[in-house]
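Have a look at run.txt below; it lists compact mmCIF, C-alpha atoms.
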# COMPACT_ATOMS: atom_id res chain seq x y z
CA MET A 499 -146.20 39.53 -181.07
CA SER A 500 -149.13 41.65 -182.21
CA GLU A 501 -151.01 43.94 -179.83
CA HIS A 502 -154.67 44.50 -180.60
CA VAL A 503 -156.85 46.96 -178.67
CA THR A 504 -160.49 45.90 -178.40
CA GLY A 505 -163.49 48.19 -178.09
CA ASP A 506 -163.31 47.85 -174.30
CA ALA A 507 -159.75 49.26 -174.31
CA VAL A 508 -158.26 45.83 -173.56
CA VAL A 509 -154.85 45.14 -175.08
CA LEU A 510 -154.56 41.61 -176.48
CA GLU A 511 -151.14 40.10 -177.09
CA LEU A 512 -151.64 37.78 -180.07
CA ARG A 513 -148.85 35.76 -181.66
CA PRO A 514 -149.67 35.50 -185.37
CA ALA A 515 -148.60 32.34 -187.15
CA ARG A 516 -146.11 32.81 -189.94
CA LEU A 517 -146.01 31.30 -193.41
CA PRO A 518 -143.90 28.15 -192.73
CA SER A 519 -146.10 26.85 -189.91
CA ARG A 520 -149.28 27.76 -191.75
CA ALA A 521 -148.06 26.08 -194.95
CA LEU A 522 -147.29 22.89 -193.03
CA ALA A 523 -150.74 22.90 -191.41
CA VAL A 524 -152.44 23.50 -194.78
CA ALA A 525 -150.41 20.67 -196.36
CA ILE A 526 -151.51 18.23 -193.65
CA ASP A 527 -155.15 19.26 -193.98
CA THR A 528 -155.02 19.11 -197.80
CA VAL A 529 -153.55 15.61 -197.83
CA LEU A 530 -156.22 14.36 -195.45
CA LEU A 531 -159.00 16.01 -197.47
CA TRP A 532 -157.78 14.53 -200.75
CA VAL A 533 -157.55 11.06 -199.19
CA VAL A 534 -161.13 11.35 -197.95
CA PHE A 535 -162.22 12.73 -201.33
CA PHE A 536 -160.69 9.87 -203.34
CA VAL A 537 -162.12 7.25 -201.01
CA LEU A 538 -165.57 8.83 -201.22
CA THR A 539 -165.28 9.18 -205.00
CA LEU A 540 -164.39 5.52 -205.35
CA VAL A 541 -167.35 4.47 -203.23
CA LEU A 542 -169.74 6.73 -205.15
CA THR A 543 -168.42 5.55 -208.51
CA LEU A 544 -169.12 1.96 -207.59
CA SER A 545 -172.53 2.91 -206.25
CA THR A 546 -173.62 4.97 -209.27
CA VAL A 547 -172.37 2.68 -212.01
CA MET A 548 -175.93 2.10 -213.17
CA LEU A 549 -176.69 5.86 -213.51
CA ASP A 550 -176.26 7.94 -216.62
CA GLU A 551 -173.39 10.33 -217.31
CA ALA A 552 -175.16 13.48 -216.07
CA ALA A 553 -176.08 11.88 -212.75
CA ARG A 554 -172.54 10.69 -212.18
CA ALA A 555 -171.21 14.20 -212.94
CA ALA A 556 -173.65 15.73 -210.48
CA VAL A 557 -172.60 13.26 -207.79
CA ALA A 558 -168.91 14.05 -208.45
CA VAL A 559 -169.48 17.81 -208.11
CA ALA A 560 -171.53 17.31 -204.95
CA SER A 561 -168.82 15.13 -203.40
CA PHE A 562 -166.17 17.72 -204.33
CA LEU A 563 -168.09 20.54 -202.65
CA LEU A 564 -169.00 18.36 -199.69
CA VAL A 565 -165.47 17.22 -198.89
CA LEU A 566 -163.11 19.93 -200.11
CA VAL A 567 -165.30 22.92 -199.20
CA GLY A 568 -167.73 21.71 -196.55
CA GLY A 569 -165.13 19.58 -194.77
CA PRO A 570 -162.86 22.45 -193.62
CA VAL A 571 -165.87 24.61 -192.76
CA ALA A 572 -167.41 21.88 -190.59
CA VAL A 573 -164.12 20.98 -188.90
CA GLU A 574 -163.20 24.57 -188.05
CA THR A 575 -166.72 25.32 -186.81
CA LEU A 576 -166.94 22.27 -184.55
CA SER A 577 -163.37 22.53 -183.26
CA ARG A 578 -163.45 26.33 -182.84
CA GLY A 579 -160.67 26.93 -185.33
CA ARG A 580 -158.46 23.90 -184.79
CA SER A 581 -158.21 21.51 -187.72
CA LEU A 582 -155.96 18.44 -187.62
CA GLY A 583 -153.13 20.26 -189.36
CA LYS A 584 -153.38 23.27 -187.07
CA LEU A 585 -153.60 21.01 -184.04
CA ALA A 586 -150.39 19.26 -185.10
CA CYS A 587 -148.59 22.59 -185.63
CA GLY A 588 -149.96 24.28 -182.52
CA LEU A 589 -152.08 26.84 -184.41
CA ARG A 590 -155.63 28.09 -184.04
CA VAL A 591 -157.99 30.36 -185.96
CA VAL A 592 -159.49 33.14 -183.82
CA ARG A 593 -161.39 36.34 -184.40
CA GLU A 594 -159.53 39.61 -184.49
CA ASP A 595 -160.65 40.30 -180.92
CA GLY A 596 -159.21 36.97 -179.77
CA GLY A 597 -162.53 35.12 -179.45
CA PRO A 598 -163.43 31.76 -181.02
CA ILE A 599 -164.72 31.73 -184.58
CA ARG A 600 -168.26 30.85 -185.60
CA PHE A 601 -169.85 29.25 -188.64
CA ARG A 602 -169.89 32.43 -190.71
CA HIS A 603 -166.14 32.94 -190.19
CA ALA A 604 -165.38 29.37 -191.18
CA LEU A 605 -167.70 29.63 -194.20
CA VAL A 606 -165.96 32.74 -195.55
CA ARG A 607 -162.53 31.20 -194.99
CA GLY A 608 -163.56 27.96 -196.69
CA ALA A 609 -165.10 29.73 -199.69
CA MET A 610 -162.01 31.88 -200.19
CA GLY A 611 -159.80 28.86 -199.63
CA VAL A 612 -161.14 27.24 -202.78
CA VAL A 613 -159.64 30.10 -204.80
CA GLU A 614 -156.54 30.71 -202.71
CA LEU A 615 -155.52 27.12 -201.98
CA LEU A 616 -157.13 24.75 -204.46
CA LEU A 617 -157.46 26.62 -207.75
CA THR A 618 -154.15 28.52 -207.52
CA PHE A 619 -152.27 25.79 -205.57
CA GLY A 620 -151.69 28.15 -202.64
CA VAL A 621 -149.86 30.87 -204.59
CA VAL A 622 -152.39 33.61 -203.79
CA ALA A 623 -152.49 32.58 -200.14
CA ALA A 624 -148.69 32.64 -199.88
CA ILE A 625 -148.40 36.08 -201.46
CA SER A 626 -151.11 37.61 -199.31
CA SER A 627 -149.61 36.06 -196.18
CA LEU A 628 -146.19 37.48 -197.00
CA VAL A 629 -147.60 40.94 -197.70
CA SER A 630 -149.76 41.06 -194.56
CA ALA A 631 -148.10 42.29 -191.37
CA ARG A 632 -149.82 39.56 -189.36
CA GLY A 633 -149.56 36.80 -191.93
CA ARG A 634 -153.24 36.86 -192.97
CA ARG A 635 -154.49 35.46 -196.26
CA LEU A 636 -157.48 36.85 -198.13
CA GLY A 637 -159.86 34.50 -196.37
CA ASP A 638 -158.75 35.86 -193.02
CA VAL A 639 -159.11 39.45 -194.20
CA PHE A 640 -162.68 38.96 -195.44
CA ALA A 641 -163.71 36.81 -192.46
CA GLY A 642 -162.08 39.03 -189.85
CA THR A 643 -159.98 36.20 -188.44
CA LEU A 644 -156.37 35.57 -187.53
CA VAL A 645 -154.29 32.41 -187.24
CA VAL A 646 -152.31 32.49 -184.00
CA ARG A 647 -149.83 30.24 -182.28
CA GLU A 648 -151.08 28.44 -179.19
CA ARG A 649 -147.93 26.54 -178.24
CA VAL A 650 -145.14 29.04 -177.72
CA PRO A 651 -141.82 28.51 -175.92
CA ALA A 652 -141.62 29.85 -172.42
CA ASP A 653 -140.21 33.36 -172.36
CA ARG A 654 -137.79 33.18 -169.45
CA SER A 655 -136.66 36.75 -169.99
CA ARG A 656 -140.06 38.02 -168.80
CA ALA A 657 -139.95 36.07 -165.54
CA MET A 658 -139.36 38.11 -162.40
CA PRO A 659 -135.87 37.76 -160.93
CA PRO A 660 -135.64 35.74 -157.70
CA LEU A 661 -135.15 37.37 -154.33
CA PRO A 662 -131.47 37.95 -153.51
CA PRO A 663 -130.63 35.71 -150.50
CA TRP A 664 -128.79 38.49 -148.67
CA LEU A 665 -131.97 40.63 -148.70
CA ALA A 666 -134.30 38.00 -147.24
CA GLY A 667 -136.13 39.38 -144.20
CA ARG A 668 -134.59 42.86 -144.30
CA PHE A 669 -137.86 44.65 -145.12
CA THR A 670 -140.30 42.88 -142.82
CA GLN A 671 -141.05 46.08 -140.87
CA LEU A 672 -141.64 48.23 -143.95
CA ASP A 673 -145.04 49.96 -144.02
CA LEU A 674 -146.57 49.40 -147.48
CA SER A 675 -150.08 50.68 -146.78
CA ALA A 676 -149.52 53.96 -148.64
CA VAL A 677 -148.23 52.34 -151.84
CA PRO A 678 -150.94 52.23 -154.58
CA ASP A 679 -151.63 49.24 -156.76
CA GLU A 680 -150.45 51.10 -159.87
CA PHE A 681 -146.94 51.19 -158.46
CA TRP A 682 -146.85 47.40 -157.90
CA PHE A 683 -147.99 46.83 -161.47
CA ALA A 684 -145.27 49.14 -162.82
CA ALA A 685 -142.63 47.48 -160.64
CA ARG A 686 -143.62 44.00 -161.81
CA GLN A 687 -143.51 45.10 -165.43
CA TYR A 688 -140.08 46.63 -164.91
CA LEU A 689 -138.66 43.54 -163.22
CA SER A 690 -140.15 41.15 -165.79
CA ARG A 691 -138.57 43.10 -168.67
CA LEU A 692 -135.34 43.82 -166.85
CA HIS A 693 -133.09 41.92 -169.26
CA GLN A 694 -134.69 43.47 -172.33
CA LEU A 695 -133.90 47.07 -171.39
CA ASP A 696 -130.86 49.08 -172.26
CA PRO A 697 -128.48 49.37 -169.26
CA ASP A 698 -128.91 53.15 -169.03
CA VAL A 699 -132.70 52.91 -169.31
CA ARG A 700 -132.73 50.05 -166.80
CA GLN A 701 -130.79 52.09 -164.25
CA ALA A 702 -132.89 55.21 -164.78
CA LEU A 703 -136.22 53.39 -164.43
CA GLY A 704 -135.02 51.44 -161.42
CA THR A 705 -133.84 54.60 -159.68
CA GLN A 706 -137.15 56.34 -160.44
CA LEU A 707 -139.26 53.46 -159.09
CA ALA A 708 -137.07 53.04 -156.04
CA GLY A 709 -137.31 56.76 -155.31
CA GLU A 710 -141.09 56.65 -155.55
CA LEU A 711 -141.19 53.70 -153.17
CA VAL A 712 -138.96 55.52 -150.70
CA ALA A 713 -141.25 58.56 -150.89
CA ARG A 714 -144.29 56.35 -150.16
CA THR A 715 -142.73 54.44 -147.26
CA ALA A 716 -140.46 57.19 -145.85
CA VAL A 717 -137.69 54.59 -145.41
CA SER A 718 -134.52 54.63 -147.51
CA PRO A 719 -132.92 51.34 -148.56
CA PRO A 720 -129.31 50.53 -147.67
CA GLU A 721 -126.77 52.19 -149.92
CA GLU A 722 -125.28 48.90 -151.12
CA VAL A 723 -128.65 47.64 -152.44
CA PRO A 724 -129.22 48.25 -156.20
CA PRO A 725 -132.64 49.60 -157.22
CA ALA A 726 -133.69 46.40 -159.01
CA ALA A 727 -132.74 44.21 -156.04
CA TYR A 728 -134.52 46.61 -153.67
CA LEU A 729 -137.73 46.46 -155.72
CA ALA A 730 -137.55 42.67 -155.99
CA ALA A 731 -137.10 42.32 -152.23
CA VAL A 732 -140.04 44.62 -151.44
CA LEU A 733 -142.28 42.82 -153.95
CA HIS A 734 -141.31 39.51 -152.39
CA GLU A 735 -142.15 40.86 -148.93
CA ARG A 736 -145.54 42.07 -150.19
CA ARG A 737 -146.32 38.64 -151.64
CA GLU A 738 -145.35 37.00 -148.36
CA ARG A 739 -147.69 39.30 -146.45
CA GLU A 740 -150.56 38.58 -148.84
CA ALA A 741 -149.94 34.85 -148.49
CA ARG A 742 -149.94 35.05 -144.69
CA ARG A 743 -153.13 37.14 -144.74
CA MET A 744 -154.86 34.61 -146.97
CA ARG A 745 -153.79 31.72 -144.75
CA ALA A 746 -154.96 33.49 -141.60
CA ALA A 747 -158.31 34.65 -143.02
CA PRO A 748 -160.35 31.48 -142.19
CA TYR A 749 -159.17 31.60 -138.54
CA ALA A 750 -159.70 35.30 -137.84
CA VAL A 751 -161.17 36.01 -134.39
CA GLY A 752 -163.47 38.99 -134.00
CA PRO A 753 -165.46 40.41 -131.06
CA ALA A 754 -168.95 39.16 -130.52
CA GLY A 755 -171.63 41.31 -132.08
CA ASP A 756 -169.18 42.91 -134.48
CA GLY A 757 -169.54 40.42 -137.28
CA GLY A 758 -166.31 38.62 -136.36
CA LEU A 759 -165.77 34.91 -135.94
CA SER A 760 -164.90 33.50 -132.55
CA ALA A 761 -162.72 30.46 -132.16
CA PRO A 762 -164.29 27.59 -130.21
CA ALA A 763 -163.10 27.37 -126.60
CA PRO A 764 -162.01 24.01 -125.17
CA ALA A 765 -164.14 22.32 -122.57
CA GLY A 766 -163.05 23.10 -119.00
CA PRO A 767 -164.00 25.05 -115.91
CA GLY A 768 -165.72 28.30 -116.79
CA PRO A 769 -165.65 31.62 -114.97
CA THR A 770 -168.47 30.53 -112.68
CA GLY A 771 -166.92 27.21 -111.80
CA GLY A 772 -169.15 25.25 -114.14
CA PRO A 773 -168.03 23.40 -117.23
CA THR A 774 -167.90 25.06 -120.63
CA ALA A 775 -168.96 23.31 -123.78
CA GLY A 776 -169.64 23.91 -127.42
CA ARG A 777 -168.83 27.46 -128.58
CA GLY A 778 -167.15 28.83 -125.46
CA VAL A 779 -170.43 29.85 -123.69
CA PRO A 780 -170.32 29.05 -119.94
CA THR A 781 -173.12 26.85 -118.69
CA VAL A 782 -174.37 27.34 -115.11
CA PRO A 783 -175.21 24.27 -113.04
CA PRO A 784 -178.82 23.93 -111.82
CA GLY A 785 -179.57 25.80 -108.64
CA ARG A 786 -176.67 28.26 -109.06
CA PRO A 787 -177.24 31.82 -110.26
CA SER A 788 -175.49 33.09 -113.30
CA ALA A 789 -172.64 35.59 -113.12
CA GLY A 790 -174.79 38.53 -114.23
CA ALA A 791 -177.81 37.84 -111.98
CA VAL A 792 -178.67 39.90 -108.83
CA VAL A 793 -179.35 37.55 -105.97
CA GLY A 794 -182.38 38.33 -103.85
CA ALA A 795 -183.70 41.03 -106.15
CA PRO A 796 -186.73 39.76 -108.05
CA GLY A 797 -187.99 41.87 -110.88
CA ARG A 798 -190.91 44.29 -110.68
CA GLY A 799 -194.26 42.50 -110.57
CA ALA A 800 -192.71 39.25 -109.31
CA GLY A 801 -193.36 37.57 -105.99
CA ALA A 802 -191.07 35.72 -103.65
CA THR A 803 -191.19 32.68 -105.87
CA GLY A 804 -190.34 34.73 -108.94
CA LEU A 805 -193.84 34.34 -110.44
CA PRO A 806 -195.75 37.46 -111.66
CA ILE A 807 -198.33 39.00 -109.28
CA ASP A 808 -201.71 40.18 -110.50
CA PRO A 809 -202.35 43.67 -108.98
CA GLU A 810 -206.14 43.17 -108.92
CA LYS A 811 -205.96 39.90 -106.95
CA ALA A 812 -203.30 41.08 -104.54
CA PRO A 813 -203.73 44.85 -104.11
CA ASP A 814 -202.01 44.91 -100.72
CA ALA A 815 -198.90 43.15 -101.87
CA PRO A 816 -195.77 44.98 -100.80
CA ALA A 817 -193.84 46.76 -103.44
CA PRO A 818 -190.75 44.88 -104.51
CA ARG A 819 -187.39 46.05 -103.36
CA THR A 820 -185.45 47.91 -105.92
CA GLY A 821 -182.23 48.32 -103.94
CA PHE A 822 -182.51 52.13 -104.08
CA ALA A 823 -181.64 53.93 -100.82
CA PRO A 824 -182.85 57.57 -100.53
CA PRO A 825 -180.30 60.10 -99.39
CA ALA A 826 -180.23 60.93 -95.70
Please lay out the structure from this file as structure tokens.
Amino acid sequence: MSEHVTGDAVVLELRPARLPSRALAVAIDTVLLWVVFFVLTLVLTLSTVMLDEAARAAVAVASFLLVLVGGPVAVETLSRGRSLGKLACGLRVVREDGGPIRFRHALVRGAMGVVELLLTFGVVAAISSLVSARGRRLGDVFAGTLVVRERVPADRSRAMPPLPPWLAGRFTQLDLSAVPDEFWFAARQYLSRLHQLDPDVRQALGTQLAGELVARTAVSPPEEVPPAAYLAAVLHERREREARRMRAAPYAVGPAGDGGLSAPAPAGPGPTGGPTAGRGVPTVPPGRPSAGAVVGAPGRGAGATGLPIDPEKAPDAPAPRTGFAPPA
């Protein structure tokens, strides 16, 4: 595996293709190109039988450039670096930063491929691929490309170990709010590479990470729990909490006016005796005051019927009762 750091400080893990797989892909593509070239040459020979010798030579050169040079360039440009041979071998041509190639990359590779693959029968390409640390031929060097493997076997050694059954549910009350995200990333990396580490290094790193977790949570694990099993159990508990939080998010109930969501209340008798419907808001039957109303206390400027009174038309109207009693 080759690690490449881009300009944005992103580490790319690229798996360069080696010489055997690349040679097989080139052989498949070359056979197909020569078949197409011979068929096209036969058709053009029959079509240009009435032309002179110079015209037939020009047609032969044009067909050679069209098929053996333009063919790979067009296929790699349209398929984003996956010719038929590379598709069969699980390979792909990408830029050095991991992105898909464009026409200029395919053109440089195709032009150099005439010298490396056709004129020297692949000798120059094989030597340059063996010398290069990432298996690149001269066309890849000049074009700034790299042939990588797309289909790789699953690396089971990097999978996180499962939760020990005897630790299930033992850390449900552990407070993980003070643990930063950087620690979880380091713990996952440690557990995924657990079987690749030296036993002494594995024990030292596990003890260090477990000690940091104990310092963050202020709770020590049981003495019989190894550091790796302790970290795996806590990571499993954190994933369970995140899963429960995500499942409960659409049904969260919050107070009114605070931006929260309220669950709909079932229909039934409300606090005032009337039915409730819709979104849990009590409805008051006609003729019955609401729970928050003051009976017999019309508002200022309202008459006995509750209608507003014009002061100019009724200057002698008694002042409305406010319910205020002066002190004796």
For this session: Kindly indicate which residue among A:Val613, A:Leu542, A:Ala676, A:Ala572 lies nearest to Ala560 in chain A, using all atoms listed in the file for the distances.
Result: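 Of A:Val613, A:Leu542, A:Ala676, A:Ala572, the one nearest Ala560 in chain A is A:Leu542, counting all atoms listed in the file.
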For this session: Rounded to one decimal place, report the CA of Val606 in chain A-CA of Leu644 in chain A distance in Å.
Result: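 Atom-to-atom, CA of Val606 in chain A and CA of Leu644 in chain A are spaced 12.8 Å apart.
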For this session: Mind giving me the straight-line distance from CA of Asp638 in chain A to CA of Leu605 in chain A in Å, one decimal?
Result: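 Going from CA of Asp638 in chain A over to CA of Leu605 in chain A, I get 11.0 Å.
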For this session: Using all atoms listed in the file, find the one residue out of A:Ala684, A:Val529, A:Val645, A:Val723 that sits nearest to Ala515 in chain A.
Result: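 Among the listed residues, the smallest separation from Ala515 in chain A belongs to A:Val645.
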For this session: Using all atoms listed in the file, pick whichever of A:Ala556, A:Ala631, A:Val524, A:Ala741 has the shortest atom-to-atom distance to Gly611 in chain A.
Result: A:Val524
Exercise. Out of A:Ile599, A:Leu672, A:Leu540, A:Val732, which residue has the shortest atom-to-atom distance to Arg580 in chain A when counting all atoms listed in the file?
Worked result: A:Ile599
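Interatomic distance, CA of Gly709 in chain A against CA of Glu721 in chain A: 12.7 Å.
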